[in-house]
$ cat input29.txt   # compact mmCIF, C-alpha atoms and all ligand atoms
# COMPACT_ATOMS: atom_id res chain seq x y z
CA MET G 1 -47.77 -1.32 -31.23
CA ASN G 2 -51.32 -2.46 -30.43
CA ASP G 3 -54.69 -1.40 -31.83
CA LYS G 4 -54.65 1.92 -29.95
CA TRP G 5 -51.05 2.91 -29.29
CA PHE G 6 -47.83 3.11 -31.24
CA THR G 7 -44.95 3.47 -28.78
CA PHE G 8 -41.24 4.10 -29.16
CA MET G 9 -38.29 5.29 -27.08
CA GLU G 10 -35.76 7.98 -27.96
CA ASP G 11 -33.00 8.39 -25.36
CA ASP G 12 -34.83 8.52 -22.02
CA CYS G 13 -38.19 9.56 -23.50
CA LEU G 14 -41.09 7.22 -24.27
CA PHE G 15 -43.46 8.45 -27.00
CA LEU G 16 -47.04 7.22 -27.16
CA HIS G 17 -48.78 7.96 -30.44
CA ARG G 18 -52.29 6.98 -31.50
CA SER G 19 -51.99 4.04 -33.90
CA TRP G 20 -54.69 5.26 -36.27
CA THR G 21 -54.02 8.99 -36.53
CA GLY G 22 -50.32 8.96 -35.73
CA PHE G 23 -50.85 11.93 -33.36
CA GLY G 24 -48.38 12.12 -30.48
CA ILE G 25 -50.36 12.13 -27.21
CA TYR G 26 -47.88 11.42 -24.41
CA GLU G 27 -44.16 12.01 -23.95
CA VAL G 28 -42.85 10.37 -20.80
CA THR G 29 -39.34 10.84 -19.42
CA PHE G 30 -37.71 8.44 -16.99
CA ALA G 31 -34.89 8.56 -14.50
CA ALA G 32 -33.00 5.45 -13.44
CA LYS G 33 -33.29 4.46 -9.76
CA GLU G 34 -31.59 1.60 -7.91
CA THR G 35 -34.76 -0.45 -8.01
CA GLY G 36 -35.97 0.47 -11.49
CA PHE G 37 -37.19 3.61 -13.16
CA LEU G 38 -39.16 6.64 -12.05
CA ILE G 39 -41.30 8.72 -14.35
CA THR G 40 -40.00 12.27 -14.01
CA SER G 41 -42.36 14.09 -16.35
CA VAL G 42 -45.31 13.47 -18.60
CA HIS G 43 -46.39 15.77 -21.38
CA VAL G 44 -49.92 15.37 -22.64
CA GLU G 45 -51.33 16.76 -25.87
CA SER G 46 -54.02 19.20 -24.79
CA ASP G 47 -55.43 20.29 -28.14
CA PRO G 48 -59.04 19.02 -27.83
CA ASP G 49 -59.19 18.47 -31.61
CA ILE G 50 -56.45 15.88 -31.20
CA TYR G 51 -57.08 14.44 -27.75
CA LYS G 52 -59.89 15.06 -25.28
CA ARG G 53 -58.20 15.15 -21.90
CA ASP G 54 -59.44 13.34 -18.87
CA SER G 55 -58.81 14.75 -15.37
CA ASP G 56 -55.22 14.57 -14.18
CA MET G 57 -56.14 11.65 -11.91
CA GLY G 58 -57.91 9.80 -14.73
CA GLU G 59 -54.96 10.52 -16.95
CA ARG G 60 -52.54 9.19 -14.37
CA GLU G 61 -54.43 5.88 -14.18
CA GLN G 62 -54.76 5.61 -17.93
CA LEU G 63 -51.08 6.28 -18.44
CA ARG G 64 -50.15 3.74 -15.80
CA GLU G 65 -52.22 1.15 -17.65
CA ILE G 66 -50.69 1.99 -21.03
CA ILE G 67 -47.14 1.84 -19.70
CA ALA G 68 -47.86 -1.39 -17.85
CA HIS G 69 -49.21 -2.81 -21.09
CA VAL G 70 -46.17 -1.65 -23.06
CA ALA G 71 -43.72 -2.82 -20.42
CA GLY G 72 -45.58 -6.08 -19.96
CA GLU G 73 -45.51 -5.81 -16.20
CA PRO G 74 -47.56 -3.95 -13.56
CA MET G 75 -46.33 -0.54 -12.38
CA PRO G 76 -45.77 0.17 -8.67
CA PRO G 77 -48.95 1.78 -7.32
CA LEU G 78 -47.39 4.99 -5.94
CA LEU G 79 -45.24 5.99 -8.88
CA PRO G 80 -44.96 9.80 -8.84
CA ILE G 81 -46.16 11.36 -12.06
CA LEU G 82 -45.90 15.05 -12.83
CA ILE G 83 -48.52 15.78 -15.47
CA GLN G 84 -47.77 18.76 -17.70
CA SER G 85 -49.88 19.73 -20.69
CA LYS G 86 -48.52 21.13 -23.87
CA PRO G 87 -49.88 24.63 -24.39
CA GLN G 88 -52.56 25.26 -26.94
CA LEU G 89 -51.22 27.36 -29.80
CA GLU G 90 -53.00 29.84 -32.01
CA ALA G 91 -51.95 32.57 -34.43
CA VAL G 92 -54.01 35.74 -34.75
CA LEU G 93 -53.72 39.04 -36.56
CA GLY G 94 -53.61 42.01 -34.23
CA ASP G 95 -51.89 44.51 -31.99
CA ILE G 96 -50.21 42.74 -29.08
CA THR G 97 -50.57 45.77 -26.79
CA THR G 98 -54.30 45.07 -26.41
CA GLU G 99 -54.03 41.35 -25.69
CA LYS G 100 -55.87 40.20 -22.56
CA VAL G 101 -53.45 37.49 -21.49
CA ASP G 102 -51.36 37.05 -18.36
CA ALA G 103 -48.13 38.08 -20.12
CA ILE G 104 -47.15 39.67 -23.40
CA VAL G 105 -43.68 39.39 -24.86
CA THR G 106 -41.76 42.29 -26.35
CA ALA G 107 -38.90 42.15 -28.86
CA ALA G 108 -36.52 44.47 -27.04
CA ASP G 109 -32.92 45.56 -27.44
CA THR G 110 -30.23 44.85 -24.85
CA VAL G 111 -30.70 48.11 -22.92
CA LEU G 112 -34.43 47.46 -22.41
CA LEU G 113 -35.42 51.08 -22.59
CA GLY G 114 -37.96 50.85 -25.39
CA GLY G 115 -36.68 50.94 -28.97
CA GLY G 116 -38.89 50.94 -32.07
CA GLY G 117 -41.41 48.47 -33.49
CA VAL G 118 -43.40 46.34 -31.10
CA ASP G 119 -41.22 47.39 -28.17
CA MET G 120 -42.06 51.06 -28.69
CA ALA G 121 -45.76 50.21 -28.96
CA ILE G 122 -45.67 48.23 -25.72
CA HIS G 123 -43.75 50.92 -23.82
CA ARG G 124 -46.25 53.53 -25.01
CA ALA G 125 -49.23 51.48 -23.94
CA ALA G 126 -47.72 50.46 -20.59
CA GLY G 127 -46.84 54.05 -19.65
CA PRO G 128 -43.61 55.63 -18.36
CA GLU G 129 -43.57 53.39 -15.29
CA LEU G 130 -42.38 50.55 -17.52
CA ARG G 131 -39.28 52.44 -18.64
CA SER G 132 -38.50 53.50 -15.06
CA HIS G 133 -38.78 49.90 -13.93
CA CYS G 134 -36.61 48.68 -16.83
CA ARG G 135 -33.82 51.07 -15.82
CA SER G 136 -33.32 49.00 -12.67
CA LEU G 137 -32.85 45.74 -14.61
CA ASP G 138 -29.35 46.30 -15.95
CA GLY G 139 -30.34 45.36 -19.51
CA CYS G 140 -30.83 41.91 -20.99
CA ALA G 141 -28.43 39.71 -22.97
CA LEU G 142 -29.11 38.44 -26.48
CA GLY G 143 -31.29 35.32 -26.38
CA ARG G 144 -32.32 35.89 -22.75
CA ALA G 145 -35.51 37.33 -21.20
CA LYS G 146 -36.51 39.45 -18.21
CA ILE G 147 -39.96 40.05 -16.79
CA THR G 148 -41.61 43.21 -15.48
CA PRO G 149 -45.13 44.23 -14.49
CA GLY G 150 -47.43 45.35 -17.32
CA PHE G 151 -48.40 48.62 -15.57
CA ARG G 152 -51.17 50.19 -17.71
CA LEU G 153 -51.51 47.19 -20.05
CA ALA G 154 -54.31 44.64 -19.84
CA ALA G 155 -51.59 42.01 -19.44
CA GLN G 156 -50.24 41.66 -15.92
CA TRP G 157 -46.69 41.03 -17.11
CA VAL G 158 -44.33 42.04 -19.91
CA ILE G 159 -41.54 39.62 -20.83
CA HIS G 160 -38.66 41.41 -22.54
CA THR G 161 -36.50 39.29 -24.82
CA VAL G 162 -33.69 40.19 -27.19
CA GLY G 163 -33.80 38.40 -30.54
CA PRO G 164 -30.87 37.93 -32.93
CA LYS G 165 -30.19 40.15 -35.94
CA TRP G 166 -30.36 38.08 -39.14
CA GLN G 167 -26.87 37.80 -40.65
CA GLY G 168 -27.49 35.03 -43.15
CA GLY G 169 -28.33 32.28 -40.68
CA SER G 170 -24.89 30.90 -39.88
CA HIS G 171 -24.10 33.18 -36.95
CA GLY G 172 -26.10 31.29 -34.34
CA GLU G 173 -29.38 33.02 -35.19
CA PRO G 174 -31.60 29.89 -34.93
CA VAL G 175 -30.14 28.87 -31.56
CA LEU G 176 -30.54 32.38 -30.20
CA LEU G 177 -34.11 32.71 -31.43
CA GLU G 178 -34.99 29.34 -29.90
CA SER G 179 -33.43 30.50 -26.66
CA CYS G 180 -35.67 33.61 -26.67
CA TYR G 181 -38.82 31.46 -26.74
CA ARG G 182 -37.54 29.07 -24.07
CA GLU G 183 -36.48 31.93 -21.81
CA CYS G 184 -39.84 33.66 -22.17
CA LEU G 185 -41.69 30.49 -21.14
CA ALA G 186 -39.32 30.11 -18.19
CA ARG G 187 -40.05 33.68 -17.02
CA ALA G 188 -43.80 33.04 -17.45
CA ASP G 189 -43.53 29.89 -15.33
CA GLU G 190 -41.68 31.78 -12.60
CA VAL G 191 -44.65 34.11 -12.05
CA GLY G 192 -47.37 31.55 -12.82
CA ALA G 193 -48.53 33.19 -16.06
CA GLU G 194 -50.72 30.65 -17.87
CA SER G 195 -51.47 32.58 -21.05
CA VAL G 196 -48.75 34.29 -23.07
CA ALA G 197 -48.85 36.33 -26.29
CA PHE G 198 -45.74 36.51 -28.48
CA PRO G 199 -44.99 38.87 -31.36
CA ALA G 200 -42.94 37.53 -34.28
CA ILE G 201 -39.65 38.10 -32.47
CA ALA G 202 -36.76 39.30 -34.67
CA THR G 203 -38.79 39.44 -37.90
CA GLY G 204 -39.03 43.26 -38.04
CA ALA G 205 -35.97 45.48 -37.62
CA HIS G 206 -33.82 42.38 -37.11
CA LYS G 207 -34.92 40.96 -40.48
CA TYR G 208 -35.15 37.28 -39.51
CA PRO G 209 -37.02 35.55 -42.39
CA ARG G 210 -40.57 35.07 -41.21
CA THR G 211 -41.08 31.46 -42.36
CA ALA G 212 -37.96 30.22 -40.61
CA ALA G 213 -38.75 32.32 -37.52
CA ALA G 214 -42.30 30.95 -37.34
CA LYS G 215 -41.05 27.34 -37.49
CA ILE G 216 -38.64 27.96 -34.63
CA ALA G 217 -41.33 29.72 -32.58
CA ILE G 218 -43.80 26.85 -32.92
CA SER G 219 -41.35 23.97 -32.52
CA THR G 220 -39.70 25.55 -29.47
CA VAL G 221 -42.98 26.28 -27.71
CA ARG G 222 -44.19 22.75 -28.44
CA LYS G 223 -41.11 21.01 -27.09
CA THR G 224 -40.34 23.22 -24.07
CA PRO G 225 -41.66 21.91 -20.73
CA THR G 226 -43.87 24.67 -19.30
CA LYS G 227 -46.92 25.28 -17.16
CA VAL G 228 -48.20 27.84 -19.69
CA ARG G 229 -51.49 26.53 -21.10
CA GLU G 230 -52.23 29.00 -23.89
CA VAL G 231 -49.79 30.60 -26.32
CA ARG G 232 -51.02 33.16 -28.84
CA PHE G 233 -48.80 34.39 -31.66
CA VAL G 234 -49.97 37.90 -32.44
CA CYS G 235 -49.00 38.75 -36.00
CA PHE G 236 -48.96 42.31 -37.28
CA ASP G 237 -49.42 41.51 -40.98
CA VAL G 238 -51.05 38.83 -43.10
CA PRO G 239 -47.86 37.19 -44.49
CA THR G 240 -46.61 36.68 -40.93
CA LEU G 241 -49.98 35.28 -39.87
CA LYS G 242 -49.91 32.82 -42.77
CA ALA G 243 -46.37 31.71 -41.88
CA TYR G 244 -47.44 31.01 -38.28
CA GLN G 245 -50.64 29.22 -39.29
CA LYS G 246 -48.66 27.01 -41.65
CA ALA G 247 -46.05 26.24 -39.00
CA ILE G 248 -48.77 25.35 -36.46
CA GLY G 249 -50.46 23.09 -39.03
CA GLU G 250 -47.21 21.33 -39.89
CA ALA G 251 -46.34 20.74 -36.25
CA LYS G 252 -49.53 18.73 -35.56
N1 LIG L 1 -48.27 44.06 -32.22
C1 LIG L 1 -47.78 42.91 -32.72
N2 LIG L 1 -46.69 42.84 -33.52
C2 LIG L 1 -46.09 44.01 -33.83
C3 LIG L 1 -46.52 45.27 -33.35
C4 LIG L 1 -47.67 45.26 -32.51
N3 LIG L 1 -48.15 46.38 -31.99
N4 LIG L 1 -45.68 46.22 -33.83
C5 LIG L 1 -44.78 45.59 -34.62
N5 LIG L 1 -45.02 44.26 -34.62
C6 LIG L 1 -44.30 43.16 -35.29
C7 LIG L 1 -43.47 43.50 -36.52
O1 LIG L 1 -44.31 43.63 -37.66
C8 LIG L 1 -42.59 42.28 -36.60
O2 LIG L 1 -43.27 41.20 -37.24
O3 LIG L 1 -43.36 42.63 -34.39
C9 LIG L 1 -42.38 41.89 -35.13
C10 LIG L 1 -41.00 42.21 -34.57
O4 LIG L 1 -40.54 43.43 -35.12
P1 LIG L 1 -39.65 44.48 -34.32
O5 LIG L 1 -40.48 45.20 -33.32
O6 LIG L 1 -38.92 45.31 -35.30
O7 LIG L 1 -38.63 43.55 -33.48
P2 LIG L 1 -37.26 42.82 -33.92
O8 LIG L 1 -37.23 42.46 -35.35
O9 LIG L 1 -37.07 41.73 -32.92
O10 LIG L 1 -36.15 43.92 -33.71
C11 LIG L 1 -35.90 44.38 -32.41
O11 LIG L 1 -35.87 46.65 -33.09
O12 LIG L 1 -37.27 48.31 -32.42
C12 LIG L 1 -36.06 47.75 -32.20
O13 LIG L 1 -35.64 48.08 -29.88
C13 LIG L 1 -35.93 47.14 -30.85
O14 LIG L 1 -33.59 46.85 -31.16
C14 LIG L 1 -34.82 46.18 -31.10
C15 LIG L 1 -35.12 45.66 -32.46

$ encode --input "input29.txt" --output "structure tokens"
Amino acid sequence: MNDKWFTFMEDDCLFLHRSWTGFGIYEVTFAAKETGFLITSVHVESDPDIYKRDSDMGEREQLREIIAHVAGEPMPPLLPILIQSKPQLEAVLGDITTEKVDAIVTAADTVLLGGGGVDMAIHRAAGPELRSHCRSLDGCALGRAKITPGFRLAAQWVIHTVGPKWQGGSHGEPVLLESCYRECLARADEVGAESVAFPAIATGAHKYPRTAAAKIAISTVRKTPTKVREVRFVCFDVPTLKAYQKAIGEAK
């Protein structure tokens, strides 16, 4: 620890927190090489209320200096650094079908042909082309996600994921719900979608308790490596909005 940075390692990840506020700013992962270590990824807090980002180049230099300081020795000049930002998160009240983002997520069932709830709303707004396209996808497994065009939606893409039915919590529900969020971010990365809107997956017909679901949504999106820069949680009712706002506040 010095006057600016509090640093610690967990497994192969170095965490750099601000000494005064305690906010986590950098997470750096390393891979062992014959001659030492390579930085394989760097995650940077990108919420401007917490940390005002420099350019990637400026960041690279600053990080090199911090790590050199922590390690007590100079870093090789051409160390490859892959800078990834954590996405900015916000929760809003609204109808996800009207979101102007690159991709919206739907809480589908395994056949992907448009069930009820948010899935029905999205299929209606996207038009019949979405269902025709979905027929060619051969369904989607629980906890996984598939991506299609958005057709008549403002969003260019729809990511279809299948959340778990709540059965008391000891039937793998948390792991499956976490997997839904990770899979959706992976599909978004595959097509280069930088802004993604999620509904409260599994909290409707599948009856997942909203507070627990919100915590999983926020923690998973915060810890998953992704190129997505903006994640909006579009809540359909006020209790759900409050649960998401609380979870976002607690994660900071
Ligand atoms: N915009 C945003 N959120 C919405 C909208 C909408 N237009 N419509 C509903 N919601 C919210 C619900 O209030 C709930 O909080 O989406 C959340 C998820 O609810 P469901 O759509 O019921 O999804 P889920 O609980 O995951 O159940 C999925 O239900 O309709 C079937 O085919 C679907 O079998 C699948 C299952």

$ closest_residue --input "input29.txt" --among "G:Val196, G:Val238, G:Leu113, G:Ala212" --to "G:Asp138" --atoms "all atoms listed in the file"
G:Leu113

$ closest_atom_pairs --input "input29.txt" --of "chain G" --to "ligand LIG 1 (chain L)" --cutoff "10 Å" --atoms "all atoms listed in the file" --output "JSON lines"
{"residue": "G:Val92", "atom": "CA", "partner": "L:LIG1", "partner_atom": "C1", "distance": 9.7}
{"residue": "G:Leu93", "atom": "CA", "partner": "L:LIG1", "partner_atom": "C1", "distance": 8.1}
{"residue": "G:Gly94", "atom": "CA", "partner": "L:LIG1", "partner_atom": "N1", "distance": 6.1}
{"residue": "G:Asp95", "atom": "CA", "partner": "L:LIG1", "partner_atom": "N1", "distance": 3.7}
{"residue": "G:Ile96", "atom": "CA", "partner": "L:LIG1", "partner_atom": "N1", "distance": 3.9}
{"residue": "G:Thr97", "atom": "CA", "partner": "L:LIG1", "partner_atom": "N3", "distance": 5.8}
{"residue": "G:Thr98", "atom": "CA", "partner": "L:LIG1", "partner_atom": "N3", "distance": 8.4}
{"residue": "G:Glu99", "atom": "CA", "partner": "L:LIG1", "partner_atom": "N1", "distance": 9.1}
{"residue": "G:Ile104", "atom": "CA", "partner": "L:LIG1", "partner_atom": "C1", "distance": 9.9}
{"residue": "G:Val105", "atom": "CA", "partner": "L:LIG1", "partner_atom": "C1", "distance": 9.5}
{"residue": "G:Thr106", "atom": "CA", "partner": "L:LIG1", "partner_atom": "O5", "distance": 7.7}
{"residue": "G:Ala107", "atom": "CA", "partner": "L:LIG1", "partner_atom": "O9", "distance": 4.5}
{"residue": "G:Ala108", "atom": "CA", "partner": "L:LIG1", "partner_atom": "O13", "distance": 4.7}
{"residue": "G:Asp109", "atom": "CA", "partner": "L:LIG1", "partner_atom": "O14", "distance": 4.0}
{"residue": "G:Thr110", "atom": "CA", "partner": "L:LIG1", "partner_atom": "O14", "distance": 7.4}
{"residue": "G:Val111", "atom": "CA", "partner": "L:LIG1", "partner_atom": "O13", "distance": 8.5}
{"residue": "G:Leu112", "atom": "CA", "partner": "L:LIG1", "partner_atom": "O13", "distance": 7.6}
{"residue": "G:Leu113", "atom": "CA", "partner": "L:LIG1", "partner_atom": "O13", "distance": 7.9}
{"residue": "G:Gly114", "atom": "CA", "partner": "L:LIG1", "partner_atom": "O13", "distance": 5.8}
{"residue": "G:Gly115", "atom": "CA", "partner": "L:LIG1", "partner_atom": "O13", "distance": 3.2}
{"residue": "G:Gly116", "atom": "CA", "partner": "L:LIG1", "partner_atom": "O12", "distance": 3.1}
{"residue": "G:Gly117", "atom": "CA", "partner": "L:LIG1", "partner_atom": "O5", "distance": 3.4}
{"residue": "G:Val118", "atom": "CA", "partner": "L:LIG1", "partner_atom": "N4", "distance": 3.6}
{"residue": "G:Asp119", "atom": "CA", "partner": "L:LIG1", "partner_atom": "O5", "distance": 5.6}
{"residue": "G:Met120", "atom": "CA", "partner": "L:LIG1", "partner_atom": "O12", "distance": 6.7}
{"residue": "G:Ala121", "atom": "CA", "partner": "L:LIG1", "partner_atom": "N3", "distance": 5.4}
{"residue": "G:Ile122", "atom": "CA", "partner": "L:LIG1", "partner_atom": "N3", "distance": 7.0}
{"residue": "G:Ala125", "atom": "CA", "partner": "L:LIG1", "partner_atom": "N3", "distance": 9.6}
{"residue": "G:Thr161", "atom": "CA", "partner": "L:LIG1", "partner_atom": "O9", "distance": 8.5}
{"residue": "G:Val162", "atom": "CA", "partner": "L:LIG1", "partner_atom": "O9", "distance": 6.8}
{"residue": "G:Gly163", "atom": "CA", "partner": "L:LIG1", "partner_atom": "O9", "distance": 5.2}
{"residue": "G:Pro164", "atom": "CA", "partner": "L:LIG1", "partner_atom": "O9", "distance": 7.3}
{"residue": "G:Lys165", "atom": "CA", "partner": "L:LIG1", "partner_atom": "O10", "distance": 7.4}
{"residue": "G:Trp166", "atom": "CA", "partner": "L:LIG1", "partner_atom": "O8", "distance": 9.0}
{"residue": "G:Leu177", "atom": "CA", "partner": "L:LIG1", "partner_atom": "O9", "distance": 9.6}
{"residue": "G:Ala197", "atom": "CA", "partner": "L:LIG1", "partner_atom": "C1", "distance": 9.3}
{"residue": "G:Phe198", "atom": "CA", "partner": "L:LIG1", "partner_atom": "C1", "distance": 7.9}
{"residue": "G:Pro199", "atom": "CA", "partner": "L:LIG1", "partner_atom": "N2", "distance": 4.8}
{"residue": "G:Ala200", "atom": "CA", "partner": "L:LIG1", "partner_atom": "C9", "distance": 4.5}
{"residue": "G:Ile201", "atom": "CA", "partner": "L:LIG1", "partner_atom": "O9", "distance": 4.5}
{"residue": "G:Ala202", "atom": "CA", "partner": "L:LIG1", "partner_atom": "O9", "distance": 3.0}
{"residue": "G:Thr203", "atom": "CA", "partner": "L:LIG1", "partner_atom": "O8", "distance": 4.2}
{"residue": "G:Gly204", "atom": "CA", "partner": "L:LIG1", "partner_atom": "O4", "distance": 3.3}
{"residue": "G:Ala205", "atom": "CA", "partner": "L:LIG1", "partner_atom": "O6", "distance": 3.8}
{"residue": "G:His206", "atom": "CA", "partner": "L:LIG1", "partner_atom": "O8", "distance": 3.8}
{"residue": "G:Lys207", "atom": "CA", "partner": "L:LIG1", "partner_atom": "O8", "distance": 5.8}
{"residue": "G:Tyr208", "atom": "CA", "partner": "L:LIG1", "partner_atom": "O8", "distance": 7.0}
{"residue": "G:Pro209", "atom": "CA", "partner": "L:LIG1", "partner_atom": "O8", "distance": 9.9}
{"residue": "G:Arg210", "atom": "CA", "partner": "L:LIG1", "partner_atom": "O2", "distance": 7.8}
{"residue": "G:Ala213", "atom": "CA", "partner": "L:LIG1", "partner_atom": "O2", "distance": 10.0}
{"residue": "G:Phe233", "atom": "CA", "partner": "L:LIG1", "partner_atom": "C1", "distance": 8.6}
{"residue": "G:Val234", "atom": "CA", "partner": "L:LIG1", "partner_atom": "C1", "distance": 5.5}
{"residue": "G:Cys235", "atom": "CA", "partner": "L:LIG1", "partner_atom": "N2", "distance": 5.3}
{"residue": "G:Phe236", "atom": "CA", "partner": "L:LIG1", "partner_atom": "N2", "distance": 4.4}
{"residue": "G:Asp237", "atom": "CA", "partner": "L:LIG1", "partner_atom": "O1", "distance": 6.5}
{"residue": "G:Val238", "atom": "CA", "partner": "L:LIG1", "partner_atom": "O1", "distance": 9.9}
{"residue": "G:Pro239", "atom": "CA", "partner": "L:LIG1", "partner_atom": "O2", "distance": 9.5}
{"residue": "G:Thr240", "atom": "CA", "partner": "L:LIG1", "partner_atom": "O2", "distance": 6.7}
{"residue": "G:Leu241", "atom": "CA", "partner": "L:LIG1", "partner_atom": "O2", "distance": 9.3}

$ residues_near_point --input "input29.txt" --point "(-53.9, 8.1, -24.2)" --cutoff "7 Å" --atoms "only C-alpha atoms" --output "mmCIF file with C-alpha atoms, in the coordinates of the input"
data_model
loop_
_atom_site.group_PDB
_atom_site.id
_atom_site.type_symbol
_atom_site.label_atom_id
_atom_site.label_comp_id
_atom_site.auth_asym_id
_atom_site.auth_seq_id
_atom_site.Cartn_x
_atom_site.Cartn_y
_atom_site.Cartn_z
ATOM 1 C CA ILE G 25 -50.360 12.130 -27.210
ATOM 2 C CA TYR G 26 -47.880 11.420 -24.410
ATOM 3 C CA GLN G 62 -54.760 5.610 -17.930
ATOM 4 C CA LEU G 63 -51.080 6.280 -18.440
#

$ atom_distance --input "input29.txt" --atom1 "atom CA of G:Leu14" --atom2 "atom CA of G:Ala91"
29.4 Å

$ axis_aligned_box --input "input29.txt" --around "stretch 160-166 of chain G" --padding-each-side "4 Å" --output "JSON"
{"center_x": -34.4, "center_y": 39.7, "center_z": -30.8, "size_x": 16.5, "size_y": 11.5, "size_z": 24.6}

$ decode --input "input29.txt" --residues "stretch 42-48 of chain G" --atoms "all heavy atoms" --output "mmCIF file, in the first residue's frame"
data_model
loop_
_atom_site.group_PDB
_atom_site.id
_atom_site.type_symbol
_atom_site.label_atom_id
_atom_site.label_comp_id
_atom_site.auth_asym_id
_atom_site.auth_seq_id
_atom_site.Cartn_x
_atom_site.Cartn_y
_atom_site.Cartn_z
ATOM 1 N N VAL G 42 -6.375 -6.622 -18.634
ATOM 2 C CA VAL G 42 -6.512 -5.556 -17.635
ATOM 3 C C VAL G 42 -7.942 -5.073 -17.681
ATOM 4 O O VAL G 42 -8.447 -4.742 -18.760
ATOM 5 C CB VAL G 42 -5.580 -4.365 -17.955
ATOM 6 C CG1 VAL G 42 -5.774 -3.274 -16.909
ATOM 7 C CG2 VAL G 42 -4.137 -4.801 -18.000
ATOM 8 N N HIS G 43 -8.611 -5.080 -16.558
ATOM 9 C CA HIS G 43 -9.939 -4.484 -16.499
ATOM 10 C C HIS G 43 -9.851 -3.165 -15.753
ATOM 11 O O HIS G 43 -9.223 -3.076 -14.705
ATOM 12 C CB HIS G 43 -10.926 -5.411 -15.780
ATOM 13 C CG HIS G 43 -11.283 -6.564 -16.634
ATOM 14 N ND1 HIS G 43 -10.890 -7.841 -16.357
ATOM 15 C CD2 HIS G 43 -11.949 -6.611 -17.791
ATOM 16 C CE1 HIS G 43 -11.314 -8.635 -17.314
ATOM 17 N NE2 HIS G 43 -11.950 -7.918 -18.198
ATOM 18 N N VAL G 44 -10.489 -2.157 -16.320
ATOM 19 C CA VAL G 44 -10.407 -0.815 -15.745
ATOM 20 C C VAL G 44 -11.809 -0.359 -15.390
ATOM 21 O O VAL G 44 -12.727 -0.508 -16.213
ATOM 22 C CB VAL G 44 -9.818 0.178 -16.770
ATOM 23 C CG1 VAL G 44 -9.565 1.522 -16.102
ATOM 24 C CG2 VAL G 44 -8.552 -0.358 -17.387
ATOM 25 N N GLU G 45 -11.983 0.175 -14.204
ATOM 26 C CA GLU G 45 -13.280 0.742 -13.827
ATOM 27 C C GLU G 45 -13.571 1.913 -14.752
ATOM 28 O O GLU G 45 -12.745 2.804 -14.917
ATOM 29 C CB GLU G 45 -13.213 1.229 -12.368
ATOM 30 C CG GLU G 45 -14.435 1.965 -11.899
ATOM 31 C CD GLU G 45 -15.689 1.118 -11.999
ATOM 32 O OE1 GLU G 45 -15.766 0.103 -11.308
ATOM 33 O OE2 GLU G 45 -16.580 1.475 -12.792
ATOM 34 N N SER G 46 -14.744 1.908 -15.395
ATOM 35 C CA SER G 46 -15.018 2.990 -16.342
ATOM 36 C C SER G 46 -16.186 3.868 -15.912
ATOM 37 O O SER G 46 -16.648 4.692 -16.683
ATOM 38 C CB SER G 46 -15.296 2.418 -17.731
ATOM 39 O OG SER G 46 -16.441 1.626 -17.679
ATOM 40 N N ASP G 47 -16.655 3.695 -14.681
ATOM 41 C CA ASP G 47 -17.689 4.598 -14.179
ATOM 42 C C ASP G 47 -17.013 5.930 -13.847
ATOM 43 O O ASP G 47 -16.168 5.989 -12.954
ATOM 44 C CB ASP G 47 -18.323 3.979 -12.915
ATOM 45 C CG ASP G 47 -19.444 4.850 -12.363
ATOM 46 O OD1 ASP G 47 -19.486 6.045 -12.712
ATOM 47 O OD2 ASP G 47 -20.258 4.329 -11.585
ATOM 48 N N PRO G 48 -17.365 7.020 -14.586
ATOM 49 C CA PRO G 48 -16.643 8.275 -14.380
ATOM 50 C C PRO G 48 -16.820 8.850 -12.984
ATOM 51 O O PRO G 48 -16.016 9.660 -12.540
ATOM 52 C CB PRO G 48 -17.229 9.206 -15.450
ATOM 53 C CG PRO G 48 -18.480 8.568 -15.905
ATOM 54 C CD PRO G 48 -18.392 7.104 -15.614
#
